[in-house]
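Here's the structure we're looking at; comments come further down.
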Amino acid sequence: MYFAKRLAFLLPLLLLISVLAFALLKLAPGGPFDKERAPATAEIKRAIEAKYHLDESWWQQYCRYIGGVLRGDFGPSFKYRNHTVTDIIAQGLPVSVALGGMAFALSLGIGIPLGFWSAARRGQWGDYTGSFLAILAVCVPALVVGPLLVMGLAIQWRLLPVALWTSPAHVILPTLTLGLYFSGRVARLMREGMLTTLHEHYITTARAKGLDDTTVLLKHALRIAILPVVSYSGPLLADLLTGSFIVENLFQIPGIGVFMVNSSLNRDYPMVIGLVLLYATLLLVLNLIVDVGYSYLDRRVKYE
Amino acid sequence: MPPHANASGPAPEAFCLGRRKTQGERHKGHNRWCTAAFFFFAFSFFLLALSGCTRSEPPADLTVINGAEPDSLDPAIISTQTEMRIVKALFEGLTRLEGKNATAEPAIAHRWDMSPDGAVYTFHLRTNAFWSTGQSITAEDFVWSWRRALAPETGAEYASQLFFIKGAEDYSTGKTNAATGKPFTPEDVAVRALDPHTLRVELIGPAAFFLDLCAFPTLAAVPRFWIEKHGDRWLLAPPVPCNGAYTLEFWRLNDRVRLRRNPLHWDVANIRSELVDFLPIKSSTTALNLYETGAADVIWDKNLVPNELMDVLGKRPDCHKFDYLGTYFFRFNVKRKPFSDVRVRKAFALAVDRKQLAAKIVRSGETPTSHFTPKGMGVYEPPEGWGYDPDQARKLLAEAGFPGGKDFPPFHYLFKTDKLDEQVGVELQEIWRKELGVKMELRAMEPKVYYSAQSALDYDLSRSSWIGDYNDPNTFLDMFMTGNGNNRTGWSNPAYDELIRTANLQTDPKKRAALLRQAETLLIRDDLPIVPLWFYAGVNFYDPKKIEGIHANLLDEHPIHTIARKKN
């Protein structure tokens with residue numbers, strides 16, 4: 001029941017988001033067809049604007065747009081005039097999903113064991129090493145990690161390609177660049193979660209029963225300690241699947257992350273709103289899934 | 001805070017993983033981890049397979065780093081050099097620019113006749129010119145393509161390249177025909193197909209550069225049957241009918257545009273590379289990395305290598321510098337005080353030591369200039385503008401009512417967010433503070449805001465640049481005519497407009513050049529709505545030991561079909 005209600009709210013929420021995005025875009029100065037070189041005549045500029053209905057009032061444009069969306073037509077891109085928004089997303093999304101999925105797997109794959117281990121070795125050198133690595137990953141941005149990886153692995157040792165997206169080897173460096181940062185964040189969340197959980201009475205009880213440490217940690221503590229990571233992974237996955245501007249630019253990856261930033265700089269209105277809707281939908285759906293997962297992991301959580 | 005002050009309460013002693021375990025339990029835990037690891041890797045590999053990164057595409061025979069992603073590949077719509085480099089390989093016009101100096105040579109037209117007054121051309125089309133899908137190319141294709149480019153609803157930003165044809169501008173701007181009382185129609189454009197292989201074009205006057213214009217993408221033939229069938233998405237519907245040396249294999253945004261040799265091209269024997277990749281790369285570091293590791297053969301543009309490295313890179317044998325038709329300058333808004341006073345504009349121009357500015361900021365051998373049109377365009381000899389004379393500058397500023405910069409109103413320099421433009425702005429700010437005692441504010445804006453502010457004359461001073469479209473001074477000078485969308489200074493001088501108009505009707509190249517020179521003198525010496533700073537230096541990177549067929553020329557024109565990797 002609760003989840004049905006949340007699903008029902010999804011549509012009005014998306015509608016609201018699209019209105020806000022549209023209004024914000026219209027407030028920004030400059031238009032999609034302002035360029036370094038003016039069109040040959042004023043008539044041509046007027047004709048282009050009429051073609052894309054920019055001569056109408058903003059609410060007419062909005063209604064026209066939403067009408068199209070309801071029919072499954074997300075409109076043409078104003079910047080890439082031979083492409084529709086659907087063309088561009090269909091081309092870029094699979095790439096961003098692949099890269100984002102890999103990076104997601106990497107950040108959980110490194111972050112959870114690292115945080116778990118640090119917490120288990122609290123106050124020992126293992127904890128210090130683990131925490132140091134996690135903080136390092138969080139503090140050094142992709143903008144630095146990426147070029148360093150490229151310099152070492154791709155240019156110095158020529159082990160991997162520097163950029164582009166053609167073979168499986170091309171996937172490794174971008175995945176590392178994107179995933180390492182988040183693995184640090186996941187590790188820190190995991191460690192905190194574990195430390196809080198280990199203070200709980202039921203853990204003391206479990207140990208008092210004479211269970212060995214591994215069982216206590218893996219069977220009793222992990223399940224609850226992982227909850228912060230679970231709730232973080234919803235927005236994280238939405239972020240990762242919709243691409244990263246920095247990583248896609250650095251490695252020349254044909255995903256949609258670059259469009260997330262450039263389309264608003266280009267005032268490519270349909271493209272911006274299409275992407276905003278995509279991101280919002282992903283975020284809302286993934287958060288819903290996270291909440292379902294939550295109640296499964298921690299039986300004390302009930303949704304009314 | 002003492003160490004460990006944050007450890008509140010009794011810390012649970014460290015847990016010990018993997019100790020104090022019975023053999024059976026150890027197996028159980030082990031299995032659990034194995035399962036987890038298995039799922040993790042399975043998930044990763046699944047995604048890897050899904051990613052489409054295991055494309056089985058053959059490597060290209062030539063890979064070119066081309067600059068920003070093309071907005072379009074439609075010859076009528078494109079407007080940037082990066083787009084034109086690709087489109088010129090896909091779609092041809094009556095002529096094409098060939099050879100070391102990029103001069104107009106026969107393409108789809110194999111010969112032409114010109115009337116004695118130079119105003120009527122009759123083109124004879126090849127009988128062996130075909131679309132890559134097999135249909136033959138006729139004179140009717142050109143008539144349709146040119147009318148399409150002129151129709152306002154096509155949105156061809158370069159439609160003005162056709163305005164030298166009689167009736168073209170009238171039709172494109174929707175003027176009313178005085179004779180009939182109705183708006184001009186496509187039929188009023190003086191382009192006629194006399195028979196399938198003869199095209200007659202009547203010009204408004206003897207445009208000396210018309211054959212060069214025929215090689216310009218706006219004037220290329222496009223496939224009517226395909227465009228009418230697929231609309232705006234015609235370039236995404238394979239197989240796209242092309243008539244250039246190459247066909248469009250595929251176009252993936254931010255990945256590459258791949259071209260394949262056109263087997264039906266009339267000159268197929270001279271197309272040297274089979275598969276050519278154009279990489280749309282904006283990051284100069286990435287571009288240089290790809291080039292240095294051999295993933296790309298050619299870098300077309302100076303903007304595609306980090307400027308900071310030019311001191312080192314510029315000395316290498318694979319760095320090829322050349323002069324080309326591009327000017328970096330700044331505009332005054334002559335509608336705003338105090339820049340409406342020509343003495344103030346002159347003072348600002350005289351205070352700038354361009355040589356030092358160019359040497360300090362741009363490092364690829366750019367030529368400082370006081371005139372707007374580059375040298376080397378036919379018989380045209382540009383006039384000299386104002387050089388560096390700070391004393392004269394201070395005197396003029398004092399005459400204008402601002403001795404020592406006293407009481408000079410606050411003003412700003414508009415530029416788009418770009419490292420080089422910012423450096424130039426900072427430098428100019430300092431120069432004018434030191435020489436004239438005026439205080440300038442820097443105003444960086446994102447590109448779209450910058451362009452719209454410039455068009456709307458919402459600025460005091462503005463960073464500008466211009467790249468010539470064809471090898472004639474007109475491509476630099478006609479933009480400052482009254483009402484031209486690229487004027488953007490508020491400046492208007494009927495004498496200037498008249499000079500350009502008369503010059504373009506002049507058949508004698510020397511007399512024409514003299515008239516244009518008078519016009520440019522008005523522009524850069526008398527009225528000064530702009531101040532030229534330097535000419536761009538073109539830079540290509542390629543290893544001459546590995547790549548052949550690239551020739552430096554003023555237009556930075558490099559037909560792809562002549563370029564190939566050397567066979568060892």
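Every chain in the structure tokens takes a letter, A first, then B, and so on in the order presented; its residues are numbered from 1, and the ligands are numbered from 1 following the presented order.
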
Practice item. Could you give me the residues within range 48-246 of chain B that DSSP places in strand (DSSP E or B), as a PyMOL selection string? Key: chain B and resi 62-65+95-98+103-106+109-114+120-125+130+136+165+176+183+191-195+198-203+246

**Study point:** For Leu237 in chain A: contacts at 10 Å, only C-alpha atoms, fewer than 3 positions along chain excluded, given as a list in words
**Key:**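 Here the answer would be Val97, Gly100, Gly101, Ala103, Phe104, Ala105, Tyr232, Ser233, Gly234, Leu240, Leu241, Thr242, Leu282, Leu283, Leu286 and Asn287 of chain A.
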
Selected residues written out, N, CA, C and O atoms, as an mmCIF file, in the first residue's frame:
data_model
loop_
_atom_site.group_PDB
_atom_site.id
_atom_site.type_symbol
_atom_site.label_atom_id
_atom_site.label_comp_id
_atom_site.auth_asym_id
_atom_site.auth_seq_id
_atom_site.Cartn_x
_atom_site.Cartn_y
_atom_site.Cartn_z
ATOM 1 N N VAL A 97 25.417 3.755 -18.658
ATOM 2 C CA VAL A 97 24.945 2.709 -17.750
ATOM 3 C C VAL A 97 26.044 1.668 -17.553
ATOM 4 O O VAL A 97 26.304 1.232 -16.426
ATOM 5 N N GLY A 100 28.808 3.401 -15.522
ATOM 6 C CA GLY A 100 28.314 3.673 -14.175
ATOM 7 C C GLY A 100 28.112 2.387 -13.392
ATOM 8 O O GLY A 100 28.447 2.315 -12.205
ATOM 9 N N GLY A 101 27.592 1.366 -14.043
ATOM 10 C CA GLY A 101 27.376 0.076 -13.382
ATOM 11 C C GLY A 101 28.691 -0.529 -12.921
ATOM 12 O O GLY A 101 28.813 -1.030 -11.796
ATOM 13 N N ALA A 103 31.455 1.102 -12.299
ATOM 14 C CA ALA A 103 31.993 1.927 -11.219
ATOM 15 C C ALA A 103 31.241 1.665 -9.920
ATOM 16 O O ALA A 103 31.843 1.638 -8.839
ATOM 17 N N PHE A 104 29.943 1.416 -10.035
ATOM 18 C CA PHE A 104 29.120 1.122 -8.860
ATOM 19 C C PHE A 104 29.585 -0.186 -8.225
ATOM 20 O O PHE A 104 29.822 -0.266 -7.018
ATOM 21 N N ALA A 105 29.756 -1.197 -9.069
ATOM 22 C CA ALA A 105 30.229 -2.494 -8.581
ATOM 23 C C ALA A 105 31.586 -2.334 -7.910
ATOM 24 O O ALA A 105 31.853 -2.892 -6.846
ATOM 25 N N TYR A 232 22.544 5.005 0.818
ATOM 26 C CA TYR A 232 23.390 5.865 -0.009
ATOM 27 C C TYR A 232 23.457 5.350 -1.444
ATOM 28 O O TYR A 232 23.601 6.104 -2.398
ATOM 29 N N SER A 233 23.330 4.037 -1.613
ATOM 30 C CA SER A 233 23.572 3.470 -2.944
ATOM 31 C C SER A 233 22.482 3.826 -3.945
ATOM 32 O O SER A 233 22.732 3.791 -5.142
ATOM 33 N N GLY A 234 21.293 4.205 -3.469
ATOM 34 C CA GLY A 234 20.234 4.619 -4.391
ATOM 35 C C GLY A 234 20.633 5.847 -5.190
ATOM 36 O O GLY A 234 20.804 5.777 -6.418
ATOM 37 N N LEU A 240 25.659 7.606 -10.931
ATOM 38 C CA LEU A 240 26.640 6.911 -11.759
ATOM 39 C C LEU A 240 26.053 6.500 -13.106
ATOM 40 O O LEU A 240 26.726 6.576 -14.129
ATOM 41 N N LEU A 241 24.808 6.073 -13.106
ATOM 42 C CA LEU A 241 24.217 5.581 -14.351
ATOM 43 C C LEU A 241 23.981 6.704 -15.348
ATOM 44 O O LEU A 241 23.934 6.472 -16.550
ATOM 45 N N THR A 242 23.823 7.929 -14.851
ATOM 46 C CA THR A 242 23.577 9.027 -15.783
ATOM 47 C C THR A 242 24.877 9.707 -16.194
ATOM 48 O O THR A 242 24.860 10.784 -16.778
ATOM 49 N N LEU A 282 15.031 8.064 -12.498
ATOM 50 C CA LEU A 282 15.975 7.082 -11.955
ATOM 51 C C LEU A 282 16.121 7.244 -10.444
ATOM 52 O O LEU A 282 16.069 6.277 -9.683
ATOM 53 N N LEU A 283 16.281 8.498 -10.017
ATOM 54 C CA LEU A 283 16.503 8.780 -8.607
ATOM 55 C C LEU A 283 15.303 8.334 -7.776
ATOM 56 O O LEU A 283 15.440 7.664 -6.751
ATOM 57 N N LEU A 286 14.970 4.443 -7.852
ATOM 58 C CA LEU A 286 16.017 3.777 -7.078
ATOM 59 C C LEU A 286 15.826 4.000 -5.584
ATOM 60 O O LEU A 286 16.061 3.097 -4.773
ATOM 61 N N ASN A 287 15.386 5.177 -5.203
ATOM 62 C CA ASN A 287 15.120 5.425 -3.788
ATOM 63 C C ASN A 287 14.005 4.527 -3.272
ATOM 64 O O ASN A 287 14.051 4.048 -2.136
#

Nearby residues (only C-alpha atoms) at most 10 Å from Leu99 in chain A, same-chain spacing under 2 positions excluded, as a tab-separated table (two decimals) with C-alpha atoms, in the first residue's frame:
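Listed below is the output, result_20.tsv:
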chain	number	residue	atom	x	y	z
A	93	LEU	CA	22.66	5.97	-22.09
A	94	PRO	CA	23.88	2.37	-22.67
A	95	VAL	CA	27.45	3.60	-22.47
A	96	SER	CA	26.85	5.60	-19.31
A	97	VAL	CA	24.95	2.71	-17.75
A	101	GLY	CA	27.38	0.08	-13.38
A	102	MET	CA	31.01	-0.99	-13.42
A	103	ALA	CA	31.99	1.93	-11.22
A	104	PHE	CA	29.12	1.12	-8.86
A	105	ALA	CA	30.23	-2.49	-8.58
A	171	VAL	CA	36.76	0.56	-19.80
A	172	ILE	CA	39.33	0.01	-17.05
A	174	PRO	CA	37.44	5.34	-16.52
A	175	THR	CA	35.93	2.76	-14.17
A	176	LEU	CA	38.78	3.18	-11.71
A	178	LEU	CA	34.93	7.04	-11.33
A	179	GLY	CA	34.72	4.19	-8.83
A	240	LEU	CA	26.64	6.91	-11.76
A	241	LEU	CA	24.22	5.58	-14.35
A	242	THR	CA	23.58	9.03	-15.78
A	243	GLY	CA	27.24	9.54	-16.48
A	244	SER	CA	29.98	11.77	-15.22
A	247	VAL	CA	35.28	11.29	-16.60
A	248	GLU	CA	33.49	11.29	-19.96
A	253	ILE	CA	33.45	8.51	-23.64
A	255	GLY	CA	27.89	8.74	-22.67
B	47	LEU	CA	27.83	-5.13	-17.52
B	48	LEU	CA	31.03	-5.37	-19.45
B	51	SER	CA	28.39	-2.08	-22.47
B	53	CYS	CA	32.43	-1.72	-25.66

Exercise for review: Within 7 Å of chain B, which residues of chain A are there when counting only C-alpha atoms? Please give them as a ChimeraX atom specification.
Suggested key: /A:29-31,34-41,43-45,47-48,51,79-83,94-95,98,101-102,105,120-122,162-163,165-168,212-214,249-254,266

Just-selected residues, C-alpha atoms written as an mmCIF file, in the first residue's frame:
data_model
loop_
_atom_site.group_PDB
_atom_site.id
_atom_site.type_symbol
_atom_site.label_atom_id
_atom_site.label_comp_id
_atom_site.auth_asym_id
_atom_site.auth_seq_id
_atom_site.Cartn_x
_atom_site.Cartn_y
_atom_site.Cartn_z
ATOM 1 C CA PRO A 29 19.900 34.731 -20.514
ATOM 2 C CA GLY A 30 20.948 33.791 -24.050
ATOM 3 C CA GLY A 31 19.125 31.431 -26.381
ATOM 4 C CA ASP A 34 22.848 32.825 -30.279
ATOM 5 C CA LYS A 35 26.202 32.117 -31.887
ATOM 6 C CA GLU A 36 29.512 33.706 -32.705
ATOM 7 C CA ARG A 37 28.347 34.068 -36.290
ATOM 8 C CA ALA A 38 24.881 35.476 -36.879
ATOM 9 C CA PRO A 39 22.566 33.734 -39.363
ATOM 10 C CA ALA A 40 22.762 35.348 -42.798
ATOM 11 C CA THR A 41 19.563 37.321 -42.345
ATOM 12 C CA GLU A 43 14.477 36.238 -41.455
ATOM 13 C CA ILE A 44 16.506 33.070 -41.133
ATOM 14 C CA LYS A 45 16.888 33.493 -37.391
ATOM 15 C CA ALA A 47 12.405 31.098 -39.243
ATOM 16 C CA ILE A 48 14.591 28.861 -37.086
ATOM 17 C CA LYS A 51 10.421 26.118 -36.482
ATOM 18 C CA LYS A 79 21.979 21.956 -30.709
ATOM 19 C CA TYR A 80 22.278 18.749 -32.747
ATOM 20 C CA ARG A 81 19.542 19.561 -35.199
ATOM 21 C CA ASN A 82 19.632 16.219 -37.039
ATOM 22 C CA HIS A 83 19.081 14.331 -33.780
ATOM 23 C CA PRO A 94 23.880 2.372 -22.670
ATOM 24 C CA VAL A 95 27.450 3.603 -22.474
ATOM 25 C CA ALA A 98 27.771 0.316 -18.515
ATOM 26 C CA GLY A 101 27.376 0.076 -13.382
ATOM 27 C CA MET A 102 31.010 -0.991 -13.419
ATOM 28 C CA ALA A 105 30.229 -2.494 -8.581
ATOM 29 C CA ALA A 120 36.706 -4.952 12.757
ATOM 30 C CA ARG A 121 40.288 -3.842 13.397
ATOM 31 C CA ARG A 122 39.311 -0.698 15.188
ATOM 32 C CA VAL A 162 44.555 6.772 -22.861
ATOM 33 C CA ALA A 163 40.988 7.436 -23.970
ATOM 34 C CA TRP A 165 35.565 3.645 -25.907
ATOM 35 C CA THR A 166 36.086 0.741 -28.252
ATOM 36 C CA SER A 167 37.471 -2.349 -26.491
ATOM 37 C CA PRO A 168 37.136 -3.790 -22.964
ATOM 38 C CA ASP A 212 33.010 -16.638 17.358
ATOM 39 C CA ASP A 213 33.879 -13.216 15.969
ATOM 40 C CA THR A 214 33.404 -14.075 12.311
ATOM 41 C CA ASN A 249 35.346 14.407 -20.996
ATOM 42 C CA LEU A 250 38.693 13.141 -19.814
ATOM 43 C CA PHE A 251 38.398 9.763 -21.528
ATOM 44 C CA GLN A 252 36.286 10.892 -24.469
ATOM 45 C CA ILE A 253 33.449 8.508 -23.639
ATOM 46 C CA PRO A 254 30.243 8.824 -25.677
ATOM 47 C CA ASN A 266 23.980 25.305 -25.096
#

Review point. Hey, which of A:Ile226, A:Gly274, A:Ile155, A:Ile256 ends up closest to Gln91 in chain A? Count only C-alpha atoms.
Key: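 Nearest candidate to Gln91 in chain A out of A:Ile226, A:Gly274, A:Ile155, A:Ile256: A:Ile256.
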